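Undergrad: As input, take work.cif (mmCIF, C-alpha atoms):
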data_entry
#
loop_
_atom_site.label_atom_id
_atom_site.label_comp_id
_atom_site.auth_asym_id
_atom_site.auth_seq_id
_atom_site.Cartn_x
_atom_site.Cartn_y
_atom_site.Cartn_z
CA MET A 17 -152.71 -253.70 -3.28
CA LYS A 18 -155.68 -251.37 -3.15
CA LYS A 19 -155.12 -247.92 -1.70
CA ASN A 20 -157.33 -246.89 1.18
CA LYS A 21 -159.51 -244.04 0.13
CA SER A 22 -160.02 -241.28 2.66
CA LYS A 23 -163.50 -241.35 4.06
CA GLY A 24 -165.68 -238.28 3.67
CA LEU A 25 -167.46 -236.49 6.48
CA ALA A 26 -170.33 -238.58 7.82
CA PHE A 27 -173.14 -236.59 9.41
CA SER A 28 -173.35 -239.03 12.27
CA TRP A 29 -172.62 -238.58 15.97
CA SER A 30 -170.43 -241.67 15.81
CA ASP A 31 -168.05 -239.86 13.43
CA PRO A 32 -165.32 -238.15 15.57
CA THR A 33 -164.67 -235.49 12.89
CA PHE A 34 -168.35 -234.53 12.85
CA ARG A 35 -168.44 -234.41 16.66
CA SER A 36 -165.34 -232.17 16.79
CA ILE A 37 -166.89 -229.73 14.31
CA VAL A 38 -170.12 -229.59 16.32
CA TYR A 39 -168.22 -228.98 19.56
CA GLN A 40 -166.21 -226.16 17.96
CA ILE A 41 -169.37 -224.53 16.62
CA ILE A 42 -170.96 -224.71 20.08
CA VAL A 43 -167.86 -223.18 21.74
CA LEU A 44 -167.69 -220.38 19.15
CA GLY A 45 -171.40 -219.70 19.67
CA LEU A 46 -170.95 -219.48 23.44
CA VAL A 47 -167.98 -217.11 23.06
CA ALA A 48 -169.91 -214.92 20.62
CA ALA A 49 -172.92 -214.87 22.95
CA GLY A 50 -170.71 -213.89 25.89
CA VAL A 51 -169.07 -211.06 23.92
CA TRP A 52 -172.49 -209.82 22.72
CA TYR A 53 -173.82 -209.86 26.29
CA LEU A 54 -170.86 -207.92 27.67
CA VAL A 55 -170.94 -205.30 24.90
CA SER A 56 -174.71 -204.81 25.01
CA ASN A 57 -174.75 -204.65 28.81
CA THR A 58 -171.90 -202.11 28.81
CA MET A 59 -173.62 -199.91 26.21
CA HIS A 60 -176.90 -200.06 28.17
CA ASN A 61 -175.19 -199.04 31.42
CA LEU A 62 -173.45 -196.13 29.65
CA GLN A 63 -176.76 -194.90 28.26
CA VAL A 64 -178.48 -195.18 31.65
CA ARG A 65 -175.75 -193.06 33.27
CA ASN A 66 -175.67 -190.59 30.35
CA ILE A 67 -172.01 -191.34 29.68
CA ARG A 68 -170.98 -190.56 26.15
CA SER A 69 -168.97 -193.31 24.47
CA GLY A 70 -166.61 -193.19 21.54
CA PHE A 71 -163.14 -191.93 20.72
CA ASP A 72 -164.08 -188.36 19.80
CA PHE A 73 -162.31 -187.11 22.94
CA LEU A 74 -158.93 -187.90 21.33
CA GLY A 75 -159.22 -184.75 19.22
CA ARG A 76 -159.88 -182.45 22.17
CA GLU A 77 -157.24 -180.37 23.98
CA ALA A 78 -155.47 -182.37 26.69
CA GLY A 79 -154.79 -179.46 29.04
CA PHE A 80 -152.14 -181.19 31.17
CA ALA A 81 -148.36 -181.13 31.08
CA ILE A 82 -146.07 -184.13 30.69
CA GLY A 83 -142.72 -184.11 32.44
CA GLU A 84 -140.78 -186.11 29.84
CA SER A 85 -141.39 -186.39 26.13
CA LEU A 86 -139.40 -187.67 23.18
CA ILE A 87 -141.41 -185.43 20.83
CA ASP A 88 -142.65 -181.86 21.11
CA TYR A 89 -145.68 -181.59 23.38
CA SER A 90 -147.58 -178.81 25.16
CA PRO A 91 -150.80 -178.78 27.22
CA THR A 92 -152.62 -177.28 24.24
CA ASP A 93 -152.05 -180.45 22.20
CA THR A 94 -154.72 -183.12 21.83
CA TYR A 95 -155.27 -186.21 23.93
CA TRP A 96 -154.13 -188.25 20.95
CA ARG A 97 -150.69 -186.61 21.00
CA ALA A 98 -150.47 -187.00 24.77
CA ILE A 99 -151.16 -190.74 24.43
CA LEU A 100 -148.55 -190.92 21.66
CA VAL A 101 -146.03 -189.33 24.04
CA GLY A 102 -146.83 -191.98 26.65
CA LEU A 103 -146.52 -194.79 24.10
CA LEU A 104 -143.14 -193.53 22.90
CA ASN A 105 -141.93 -193.27 26.51
CA THR A 106 -143.02 -196.88 27.10
CA LEU A 107 -141.25 -198.07 23.95
CA TYR A 108 -138.11 -196.13 24.87
CA VAL A 109 -137.91 -197.64 28.35
CA SER A 110 -138.76 -201.12 27.10
CA LEU A 111 -136.18 -201.20 24.29
CA ALA A 112 -133.44 -199.64 26.42
CA GLY A 113 -134.28 -202.06 29.24
CA ILE A 114 -134.15 -205.08 26.92
CA VAL A 115 -130.72 -204.13 25.56
CA LEU A 116 -129.19 -203.29 28.95
CA ALA A 117 -130.76 -206.27 30.76
CA THR A 118 -129.45 -208.61 28.05
CA LEU A 119 -125.91 -207.27 28.29
CA LEU A 120 -125.86 -207.38 32.09
CA GLY A 121 -127.61 -210.77 32.18
CA VAL A 122 -125.06 -212.35 29.84
CA VAL A 123 -122.21 -211.11 32.05
CA ILE A 124 -123.86 -212.40 35.24
CA GLY A 125 -124.83 -215.71 33.61
CA VAL A 126 -121.28 -216.35 32.41
CA ALA A 127 -119.94 -215.29 35.81
CA ARG A 128 -122.09 -217.96 37.50
CA LEU A 129 -120.13 -220.58 35.53
CA SER A 130 -116.75 -219.05 36.38
CA LYS A 131 -114.12 -221.31 37.89
CA ASN A 132 -113.35 -218.51 40.33
CA TRP A 133 -115.27 -219.42 43.49
CA LEU A 134 -115.81 -215.84 44.65
CA ILE A 135 -117.10 -214.58 41.28
CA ALA A 136 -119.46 -217.54 40.88
CA LYS A 137 -120.89 -217.13 44.40
CA LEU A 138 -121.36 -213.37 44.05
CA ALA A 139 -123.21 -213.91 40.77
CA ALA A 140 -125.38 -216.58 42.42
CA VAL A 141 -126.25 -214.23 45.30
CA TYR A 142 -127.09 -211.48 42.79
CA VAL A 143 -129.50 -213.77 40.93
CA GLU A 144 -131.18 -215.33 43.95
CA VAL A 145 -131.67 -212.07 45.84
CA LEU A 146 -132.95 -209.91 43.00
CA ARG A 147 -135.27 -212.54 41.53
CA ASN A 148 -137.05 -212.92 44.86
CA ILE A 149 -137.66 -209.24 45.64
CA PRO A 150 -140.80 -207.84 43.95
CA LEU A 151 -140.04 -205.39 41.17
CA LEU A 152 -142.28 -202.69 42.64
CA ILE A 153 -140.24 -202.75 45.87
CA GLN A 154 -137.05 -202.40 43.86
CA LEU A 155 -138.46 -199.42 41.95
CA PHE A 156 -139.37 -197.70 45.21
CA PHE A 157 -135.88 -198.44 46.54
CA TRP A 158 -134.06 -196.98 43.55
CA TYR A 159 -136.30 -193.92 43.41
CA ALA A 160 -135.87 -193.22 47.13
CA LEU A 161 -132.13 -193.78 46.84
CA ILE A 162 -131.81 -191.24 44.03
CA VAL A 163 -134.11 -188.59 45.50
CA GLU A 164 -132.98 -188.86 49.13
CA THR A 165 -129.23 -189.35 48.79
CA LEU A 166 -128.33 -187.02 45.92
CA PRO A 167 -127.94 -183.28 46.69
CA GLY A 168 -130.18 -180.50 45.40
CA PRO A 169 -129.42 -178.48 42.25
CA ARG A 170 -127.40 -175.80 44.08
CA GLN A 171 -125.15 -178.44 45.64
CA ALA A 172 -125.17 -180.70 42.56
CA MET A 173 -122.24 -182.99 41.93
CA HIS A 174 -120.05 -181.68 39.12
CA PRO A 175 -117.78 -184.55 38.01
CA VAL A 176 -116.84 -183.04 34.63
CA PRO A 177 -117.49 -179.62 33.05
CA GLY A 178 -121.04 -179.28 31.81
CA VAL A 179 -122.34 -182.35 33.65
CA PHE A 180 -124.41 -182.04 36.84
CA LEU A 181 -125.85 -184.81 39.01
CA SER A 182 -128.55 -183.95 41.56
CA ASN A 183 -131.87 -185.18 42.87
CA ARG A 184 -133.41 -183.56 39.77
CA GLY A 185 -131.56 -186.02 37.58
CA LEU A 186 -128.49 -186.00 35.36
CA ARG A 187 -127.87 -182.90 33.23
CA PHE A 188 -125.36 -182.97 30.38
CA PRO A 189 -124.58 -181.01 27.19
CA ALA A 190 -126.72 -181.78 24.17
CA ALA A 191 -126.31 -181.16 20.46
CA GLN A 192 -128.91 -179.06 18.68
CA GLY A 193 -129.46 -177.94 15.11
CA GLU A 194 -130.88 -179.09 11.80
CA SER A 195 -127.81 -181.21 11.03
CA LEU A 196 -128.34 -183.40 14.10
CA VAL A 197 -131.03 -185.52 12.42
CA TRP A 198 -128.81 -186.11 9.40
CA ILE A 199 -125.84 -187.01 11.59
CA VAL A 200 -127.92 -189.60 13.46
CA ALA A 201 -129.24 -190.93 10.15
CA GLY A 202 -125.68 -191.24 8.87
CA ALA A 203 -124.66 -193.18 11.98
CA VAL A 204 -127.62 -195.55 11.54
CA VAL A 205 -126.76 -196.14 7.87
CA ALA A 206 -123.12 -196.71 8.85
CA LEU A 207 -124.23 -199.36 11.37
CA LEU A 208 -126.38 -201.15 8.80
CA LEU A 209 -123.62 -201.07 6.18
CA THR A 210 -121.09 -202.36 8.71
CA LEU A 211 -123.36 -205.30 9.57
CA ALA A 212 -123.88 -206.03 5.87
CA ALA A 213 -120.13 -205.83 5.25
CA GLY A 214 -119.43 -208.20 8.13
CA ARG A 215 -121.91 -210.70 6.73
CA TYR A 216 -120.34 -210.48 3.27
CA LEU A 217 -116.82 -210.89 4.63
CA ARG A 218 -117.82 -213.96 6.65
CA ARG A 219 -119.43 -215.53 3.58
CA ARG A 220 -116.35 -214.79 1.48
CA GLN A 221 -114.07 -216.24 4.15
CA ILE A 222 -116.07 -219.48 4.12
CA GLN A 223 -115.88 -219.68 0.33
CA THR A 224 -112.30 -218.57 -0.32
CA GLY A 225 -110.54 -218.72 3.05
CA THR A 226 -109.51 -215.07 2.72
CA GLN A 227 -109.85 -213.20 6.02
CA THR A 228 -110.39 -209.43 5.96
CA ALA A 229 -110.56 -207.18 9.03
CA LEU A 230 -113.93 -205.51 9.47
CA TRP A 231 -112.97 -202.69 11.85
CA PRO A 232 -111.27 -200.41 9.27
CA ILE A 233 -114.40 -200.53 7.10
CA GLY A 234 -116.67 -199.83 10.07
CA LEU A 235 -114.46 -197.00 11.35
CA ALA A 236 -114.41 -195.33 7.93
CA LEU A 237 -118.21 -195.59 7.60
CA PHE A 238 -118.83 -194.20 11.09
CA ILE A 239 -116.60 -191.21 10.32
CA LEU A 240 -117.55 -190.43 6.73
CA LEU A 241 -121.33 -190.86 6.82
CA PRO A 242 -122.04 -188.68 9.91
CA VAL A 243 -119.71 -186.00 8.53
CA ALA A 244 -121.57 -186.16 5.22
CA GLY A 245 -124.84 -185.85 7.13
CA PHE A 246 -123.51 -182.77 8.93
CA PHE A 247 -122.80 -180.96 5.66
CA PHE A 248 -125.95 -182.26 3.98
CA GLY A 249 -128.01 -180.75 6.82
CA GLY A 250 -126.50 -177.33 6.24
CA GLY A 251 -123.66 -177.54 8.74
CA GLN A 252 -125.86 -176.19 11.55
CA LEU A 253 -124.91 -177.81 14.83
CA ALA A 254 -124.57 -176.26 18.27
CA PHE A 255 -124.20 -177.52 21.82
CA SER A 256 -126.49 -176.50 24.65
CA ILE A 257 -124.64 -176.39 27.99
CA PRO A 258 -126.73 -176.74 31.18
CA GLU A 259 -126.62 -173.82 33.62
CA LEU A 260 -128.07 -173.34 37.08
CA LYS A 261 -130.93 -170.83 36.94
CA GLY A 262 -133.01 -170.36 40.05
CA PHE A 263 -133.88 -173.68 41.66
CA ASN A 264 -133.14 -175.87 38.65
CA PHE A 265 -130.94 -176.22 35.60
CA ALA A 266 -131.70 -174.86 32.15
CA GLY A 267 -130.29 -175.99 28.84
CA GLY A 268 -128.71 -179.23 27.81
CA ALA A 269 -130.43 -182.60 28.10
CA SER A 270 -131.44 -184.48 31.20
CA ILE A 271 -132.27 -187.92 32.50
CA SER A 272 -134.88 -187.62 35.23
CA PRO A 273 -134.80 -189.51 38.54
CA GLU A 274 -138.00 -191.30 37.52
CA LEU A 275 -136.47 -192.62 34.30
CA THR A 276 -133.24 -193.56 36.09
CA ALA A 277 -135.09 -195.43 38.83
CA LEU A 278 -137.37 -197.19 36.35
CA LEU A 279 -134.53 -198.29 34.08
CA SER A 280 -132.38 -199.36 37.04
CA GLY A 281 -135.18 -201.46 38.51
CA LEU A 282 -136.21 -203.07 35.22
CA VAL A 283 -132.66 -203.80 34.09
CA ILE A 284 -131.37 -205.18 37.39
CA TYR A 285 -134.49 -207.25 38.07
CA THR A 286 -134.75 -208.68 34.54
CA SER A 287 -131.01 -209.31 34.22
CA ALA A 288 -131.28 -211.87 37.02
CA PHE A 289 -133.71 -213.90 34.92
CA VAL A 290 -131.63 -213.43 31.78
CA ALA A 291 -128.58 -214.66 33.69
CA GLU A 292 -130.32 -217.92 34.57
CA ILE A 293 -131.38 -218.39 30.95
CA VAL A 294 -127.81 -217.81 29.78
CA ARG A 295 -126.39 -220.16 32.40
CA SER A 296 -128.82 -222.97 31.57
CA GLY A 297 -128.30 -222.46 27.83
CA ILE A 298 -124.52 -222.76 28.15
CA GLN A 299 -124.79 -225.82 30.38
CA ALA A 300 -127.12 -227.46 27.84
CA VAL A 301 -124.35 -227.47 25.24
CA PRO A 302 -122.51 -230.82 25.37
CA GLY A 303 -119.17 -230.74 27.16
CA GLY A 304 -117.51 -232.21 24.11
CA GLN A 305 -117.86 -228.86 22.38
CA TRP A 306 -115.54 -227.29 24.96
CA GLU A 307 -113.04 -230.11 24.48
CA ALA A 308 -113.22 -229.84 20.68
CA ALA A 309 -112.63 -226.08 20.84
CA GLY A 310 -109.69 -226.58 23.16
CA SER A 311 -108.20 -229.24 20.91
CA VAL A 312 -107.86 -226.74 18.05
CA GLY A 313 -106.09 -224.23 20.30
CA LEU A 314 -108.97 -221.94 21.27
CA SER A 315 -108.80 -220.36 24.71
CA ARG A 316 -111.76 -220.81 27.04
CA ARG A 317 -112.94 -217.26 26.35
CA ARG A 318 -112.80 -217.68 22.56
CA ALA A 319 -114.39 -221.11 22.79
CA LEU A 320 -117.28 -219.57 24.71
CA ARG A 321 -117.71 -216.75 22.20
CA LEU A 322 -117.16 -218.68 18.96
CA VAL A 323 -118.37 -222.20 19.73
CA VAL A 324 -120.55 -222.50 22.82
CA LEU A 325 -122.63 -219.30 22.86
CA PRO A 326 -123.80 -219.62 19.22
CA GLN A 327 -125.13 -223.09 20.02
CA ALA A 328 -126.59 -222.03 23.35
CA LEU A 329 -128.39 -219.14 21.66
CA ARG A 330 -130.73 -221.57 19.92
CA ILE A 331 -131.79 -222.83 23.34
CA MET A 332 -132.03 -219.41 24.95
CA ILE A 333 -134.24 -217.60 22.40
CA PRO A 334 -137.67 -219.03 23.48
CA PRO A 335 -137.30 -218.23 27.22
CA LEU A 336 -135.67 -214.88 26.38
CA THR A 337 -138.77 -213.97 24.37
CA SER A 338 -140.96 -214.46 27.43
CA THR A 339 -138.53 -212.49 29.58
CA TYR A 340 -138.52 -209.55 27.14
CA LEU A 341 -142.32 -209.55 27.07
CA ASN A 342 -142.39 -209.51 30.86
CA LEU A 343 -140.01 -206.54 30.94
CA MET A 344 -142.19 -204.61 28.52
CA LYS A 345 -145.32 -205.32 30.57
CA ASN A 346 -143.54 -204.60 33.85
CA SER A 347 -142.76 -201.11 32.55
CA SER A 348 -146.40 -200.27 33.39
CA LEU A 349 -145.25 -200.04 37.02
CA ALA A 350 -143.71 -196.70 36.02
CA VAL A 351 -146.93 -195.06 37.17
CA ALA A 352 -145.94 -195.89 40.77
CA ILE A 353 -142.88 -193.59 40.65
CA GLY A 354 -144.29 -190.87 38.42
CA TYR A 355 -142.75 -191.68 35.05
CA PRO A 356 -145.18 -190.66 32.26
CA ASP A 357 -145.63 -193.93 30.39
CA ILE A 358 -148.79 -194.80 28.50
CA VAL A 359 -150.56 -196.13 31.61
CA SER A 360 -149.91 -192.88 33.47
CA ILE A 361 -151.11 -190.77 30.53
CA ILE A 362 -154.24 -192.88 30.11
CA ASN A 363 -155.01 -192.59 33.84
CA THR A 364 -154.88 -188.81 33.59
CA THR A 365 -156.93 -188.87 30.41
CA LEU A 366 -159.75 -191.02 31.74
CA ASN A 367 -159.88 -189.01 34.99
CA GLN A 368 -160.44 -185.84 32.95
CA THR A 369 -162.75 -187.25 30.29
CA GLY A 370 -164.50 -190.12 32.05
CA GLN A 371 -163.83 -192.35 29.01
CA ALA A 372 -162.63 -195.27 31.13
CA ILE A 373 -163.57 -198.08 28.74
CA GLU A 374 -161.99 -196.38 25.74
CA GLY A 375 -158.85 -195.62 27.74
CA ILE A 376 -158.47 -199.23 28.86
CA LEU A 377 -159.03 -200.44 25.30
CA ILE A 378 -156.27 -198.13 24.06
CA VAL A 379 -153.84 -199.46 26.70
CA MET A 380 -154.76 -203.07 25.89
CA ALA A 381 -154.34 -202.47 22.16
CA ALA A 382 -150.96 -200.76 22.69
CA TYR A 383 -149.50 -203.51 24.86
CA LEU A 384 -150.93 -206.23 22.61
CA THR A 385 -149.40 -204.64 19.51
CA VAL A 386 -145.98 -204.19 21.11
CA SER A 387 -146.02 -207.71 22.59
CA LEU A 388 -146.94 -209.28 19.26
CA SER A 389 -144.23 -207.25 17.51
CA ILE A 390 -141.58 -208.48 19.95
CA SER A 391 -142.84 -212.06 19.62
CA LEU A 392 -142.82 -211.93 15.82
CA PHE A 393 -139.28 -210.56 15.74
CA MET A 394 -137.97 -213.13 18.22
CA ASN A 395 -139.75 -215.98 16.41
CA TRP A 396 -138.26 -214.81 13.10
CA TYR A 397 -134.80 -214.71 14.66
CA ASN A 398 -135.36 -218.13 16.22
CA ARG A 399 -136.23 -219.62 12.82
CA ARG A 400 -133.26 -217.87 11.24
CA ILE A 401 -130.68 -219.41 13.58
CA ALA A 402 -132.37 -222.81 13.87
CA LEU A 403 -130.53 -225.85 12.58
CA VAL A 404 -131.94 -227.09 9.29
CA GLU A 405 -131.94 -230.85 8.84
CA ARG A 406 -130.86 -232.15 5.45
#
Give the structure from this file in structure tokens form.

TA:
Amino acid sequence: MKKNKSKGLAFSWSDPTFRSIVYQIIVLGLVAAGVWYLVSNTMHNLQVRNIRSGFDFLGREAGFAIGESLIDYSPTDTYWRAILVGLLNTLYVSLAGIVLATLLGVVIGVARLSKNWLIAKLAAVYVEVLRNIPLLIQLFFWYALIVETLPGPRQAMHPVPGVFLSNRGLRFPAAQGESLVWIVAGAVVALLLTLAAGRYLRRRQIQTGTQTALWPIGLALFILLPVAGFFFGGGQLAFSIPELKGFNFAGGASISPELTALLSGLVIYTSAFVAEIVRSGIQAVPGGQWEAAGSVGLSRRRALRLVVLPQALRIMIPPLTSTYLNLMKNSSLAVAIGYPDIVSIINTTLNQTGQAIEGILIVMAAYLTVSLSISLFMNWYNRRIALVER
């Protein structure tokens, strides 16, 4: 039999391949023309109004204070550093919110499938109520609850020595000194080594059947490496204890009411969506998996952890990715309660400099970069745990 040779591109309108190429060229031309028109029109309007464009303003002195910062910052720093502070605050809230919302959502999602009627109904009420109240309303509620119900600094709640809770936030002792960075680095290395050790032990158990407990290895790493970091950093470590001075506290570390309200709103709101994803993922696993796990003597709790959840995770990853992206983008509502995220910092910057277009471009680029990073990580993890057909 003769093999059919693939036909080349025919420059004829009757050829569907040729028509598709022409249509794509036309669409690309229209998009390019639209972009050119918008850019040229914007530049013309800026020139007419004598508005200077460009990003030179990033090197000028900011001149405004920021209430919360993960890095050193003062009003004499540049706009670029102020924007970096806002970006780090956004990343901090987003990552903390993702972790806490996932943990709480898994608990609520599993509770919805509980055989206990009361627990299942309470979890269902939690999900249905919180999913249907706008997040902005919840942020206002949590902020008002913290500011209005908690006492002032002089009447602050004092549950344990060195810890104060008031409408100015939570104050607690904090470690300081050059060794602190090395101690944290040692703890991070200990975590990574513990994960690597767990992976090795699981692989060895599959190959040889020998089971080795992981917790003694992890405990030893988490003790030895931070201690080694303490001495490597010069053994300089001190604790700053908060004290009431005037109308506020000094010393120690604090969690502001704005951060508390923002995290509470994001975590509680998003956990309701995570709970539904967890519930649907577990229910998508065939019931025979529960029966098979029970037939080998596994309790319902161990069957859920060892058999059902690993299979449900493959179903849950895609919708969880969208939920995490929504949480990160919803963090922009922080400006409504005064938390200095990147949107708040950019608003102050463009009000002082008049560089509105540049400011919006910076915000768009920041959120796009973070969103793509989260998507790439979740897609990589999704491919890693996917079943491979043989």

Undergrad: Skipping near chain neighbours, those fewer than 4 positions away, what residues fall within 12 Å of Trp231 of chain A using only C-alpha atoms, listed as a ChimeraX atom specification?

TA: /A:207,210-211,213-214,217,235-238

Undergrad: For the structure shown, which residues end up in the PyMOL selection byres ((chain A and resi 293) around 9)? Put them as number ranges by chain, please?

TA: A: 121-122, 125, 288-292, 294-298, 331-332, 335-336

Undergrad: Using all atoms listed in the file, which protein or nucleic acid residues come within 9 Å of Arg147 of chain A? Drop anything in the same chain fewer than 3 positions from it, and give the result as a list in words.

TA: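 In the requested form, the answer reads Tyr142, Val143, Glu144, Pro150, Leu151, Tyr285, Thr286, Ala288 and Phe289 of chain A.
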
Undergrad: With C-alpha atoms retained, export the selected residues as a short mmCIF file (atom, residue, chain, number, x, y, z; two decimals), in the coordinates of the input.

TA:
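Dumped to selection18.cif:
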data_model
loop_
_atom_site.label_atom_id
_atom_site.label_comp_id
_atom_site.auth_asym_id
_atom_site.auth_seq_id
_atom_site.Cartn_x
_atom_site.Cartn_y
_atom_site.Cartn_z
CA TYR A 142 -127.09 -211.48 42.79
CA VAL A 143 -129.50 -213.77 40.93
CA GLU A 144 -131.18 -215.33 43.95
CA PRO A 150 -140.80 -207.84 43.95
CA LEU A 151 -140.04 -205.39 41.17
CA TYR A 285 -134.49 -207.25 38.07
CA THR A 286 -134.75 -208.68 34.54
CA ALA A 288 -131.28 -211.87 37.02
CA PHE A 289 -133.71 -213.90 34.92
#

Undergrad: Step by step, work through what the PyMOL selection byres ((chain A and resi 172) around 10) selects in the shown file, and finish by giving those residues as an mmCIF file with C-alpha atoms, keeping the file's coordinate frame.

TA:
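As a result, result-v3.cif now contains:
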data_model
loop_
_atom_site.group_PDB
_atom_site.id
_atom_site.type_symbol
_atom_site.label_atom_id
_atom_site.label_comp_id
_atom_site.auth_asym_id
_atom_site.auth_seq_id
_atom_site.Cartn_x
_atom_site.Cartn_y
_atom_site.Cartn_z
ATOM 1 C CA LEU A 166 -128.330 -187.020 45.920
ATOM 2 C CA PRO A 167 -127.940 -183.280 46.690
ATOM 3 C CA GLY A 168 -130.180 -180.500 45.400
ATOM 4 C CA PRO A 169 -129.420 -178.480 42.250
ATOM 5 C CA ARG A 170 -127.400 -175.800 44.080
ATOM 6 C CA GLN A 171 -125.150 -178.440 45.640
ATOM 7 C CA MET A 173 -122.240 -182.990 41.930
ATOM 8 C CA HIS A 174 -120.050 -181.680 39.120
ATOM 9 C CA PRO A 175 -117.780 -184.550 38.010
ATOM 10 C CA VAL A 179 -122.340 -182.350 33.650
ATOM 11 C CA PHE A 180 -124.410 -182.040 36.840
ATOM 12 C CA LEU A 181 -125.850 -184.810 39.010
ATOM 13 C CA SER A 182 -128.550 -183.950 41.560
ATOM 14 C CA ASN A 183 -131.870 -185.180 42.870
ATOM 15 C CA ARG A 184 -133.410 -183.560 39.770
ATOM 16 C CA GLY A 185 -131.560 -186.020 37.580
ATOM 17 C CA LEU A 186 -128.490 -186.000 35.360
ATOM 18 C CA ARG A 187 -127.870 -182.900 33.230
ATOM 19 C CA LEU A 260 -128.070 -173.340 37.080
#

Undergrad: Using all atoms listed in the file, find the one residue out of A:Ala49, A:Ile257, A:Asp88, A:Ala98 that sits nearest to Thr365 of chain A.

TA: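 Of A:Ala49, A:Ile257, A:Asp88, A:Ala98, the one nearest Thr365 of chain A is A:Ala98, counting all atoms listed in the file.
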
Undergrad: Can you tell me, as a list in words, what residues are no more than 7 Å from Glu274 of chain A when counting only C-alpha atoms, ignoring any on the same chain fewer than 3 positions away?

TA: Tyr159, Ala277, Leu278, Ile353, Gly354 and Tyr355 of chain A

Undergrad: Start from the incomplete input, build all heavy atoms for segment 38-42 of chain A, and deliver everything as a PDB file, in the coordinates of the input.

TA:
ATOM      1  N   VAL A  38    -168.961-230.051  15.542  1.00  0.00           N
ATOM      2  CA  VAL A  38    -170.120-229.590  16.320  1.00  0.00           C
ATOM      3  C   VAL A  38    -169.673-228.933  17.616  1.00  0.00           C
ATOM      4  O   VAL A  38    -170.184-227.871  17.999  1.00  0.00           O
ATOM      5  CB  VAL A  38    -171.077-230.776  16.589  1.00  0.00           C
ATOM      6  CG1 VAL A  38    -172.194-230.353  17.565  1.00  0.00           C
ATOM      7  CG2 VAL A  38    -171.691-231.279  15.299  1.00  0.00           C
ATOM      8  N   TYR A  39    -168.713-229.555  18.304  1.00  0.00           N
ATOM      9  CA  TYR A  39    -168.220-228.980  19.560  1.00  0.00           C
ATOM     10  C   TYR A  39    -167.593-227.602  19.327  1.00  0.00           C
ATOM     11  O   TYR A  39    -167.793-226.672  20.117  1.00  0.00           O
ATOM     12  CB  TYR A  39    -167.194-229.919  20.198  1.00  0.00           C
ATOM     13  CG  TYR A  39    -167.786-231.170  20.797  1.00  0.00           C
ATOM     14  CD1 TYR A  39    -167.108-232.396  20.718  1.00  0.00           C
ATOM     15  CD2 TYR A  39    -169.016-231.140  21.439  1.00  0.00           C
ATOM     16  CE1 TYR A  39    -167.646-233.550  21.258  1.00  0.00           C
ATOM     17  CE2 TYR A  39    -169.568-232.286  21.987  1.00  0.00           C
ATOM     18  CZ  TYR A  39    -168.877-233.485  21.891  1.00  0.00           C
ATOM     19  OH  TYR A  39    -169.435-234.624  22.433  1.00  0.00           O
ATOM     20  N   GLN A  40    -166.835-227.461  18.248  1.00  0.00           N
ATOM     21  CA  GLN A  40    -166.210-226.160  17.960  1.00  0.00           C
ATOM     22  C   GLN A  40    -167.254-225.098  17.649  1.00  0.00           C
ATOM     23  O   GLN A  40    -167.128-223.946  18.082  1.00  0.00           O
ATOM     24  CB  GLN A  40    -165.238-226.317  16.788  1.00  0.00           C
ATOM     25  CG  GLN A  40    -164.013-227.167  17.113  1.00  0.00           C
ATOM     26  CD  GLN A  40    -163.093-227.328  15.921  1.00  0.00           C
ATOM     27  OE1 GLN A  40    -162.735-226.351  15.276  1.00  0.00           O
ATOM     28  NE2 GLN A  40    -162.726-228.559  15.610  1.00  0.00           N
ATOM     29  N   ILE A  41    -168.308-225.494  16.914  1.00  0.00           N
ATOM     30  CA  ILE A  41    -169.370-224.530  16.620  1.00  0.00           C
ATOM     31  C   ILE A  41    -170.068-224.095  17.900  1.00  0.00           C
ATOM     32  O   ILE A  41    -170.384-222.915  18.099  1.00  0.00           O
ATOM     33  CB  ILE A  41    -170.376-225.148  15.622  1.00  0.00           C
ATOM     34  CG1 ILE A  41    -169.713-225.350  14.260  1.00  0.00           C
ATOM     35  CG2 ILE A  41    -171.613-224.252  15.479  1.00  0.00           C
ATOM     36  CD1 ILE A  41    -170.584-226.067  13.250  1.00  0.00           C
ATOM     37  N   ILE A  42    -170.304-225.050  18.810  1.00  0.00           N
ATOM     38  CA  ILE A  42    -170.960-224.710  20.080  1.00  0.00           C
ATOM     39  C   ILE A  42    -170.084-223.756  20.899  1.00  0.00           C
ATOM     40  O   ILE A  42    -170.572-222.767  21.457  1.00  0.00           O
ATOM     41  CB  ILE A  42    -171.247-225.994  20.883  1.00  0.00           C
ATOM     42  CG1 ILE A  42    -172.323-226.823  20.152  1.00  0.00           C
ATOM     43  CG2 ILE A  42    -171.713-225.670  22.296  1.00  0.00           C
ATOM     44  CD1 ILE A  42    -172.578-228.182  20.783  1.00  0.00           C
TER      45      ILE A  42
END
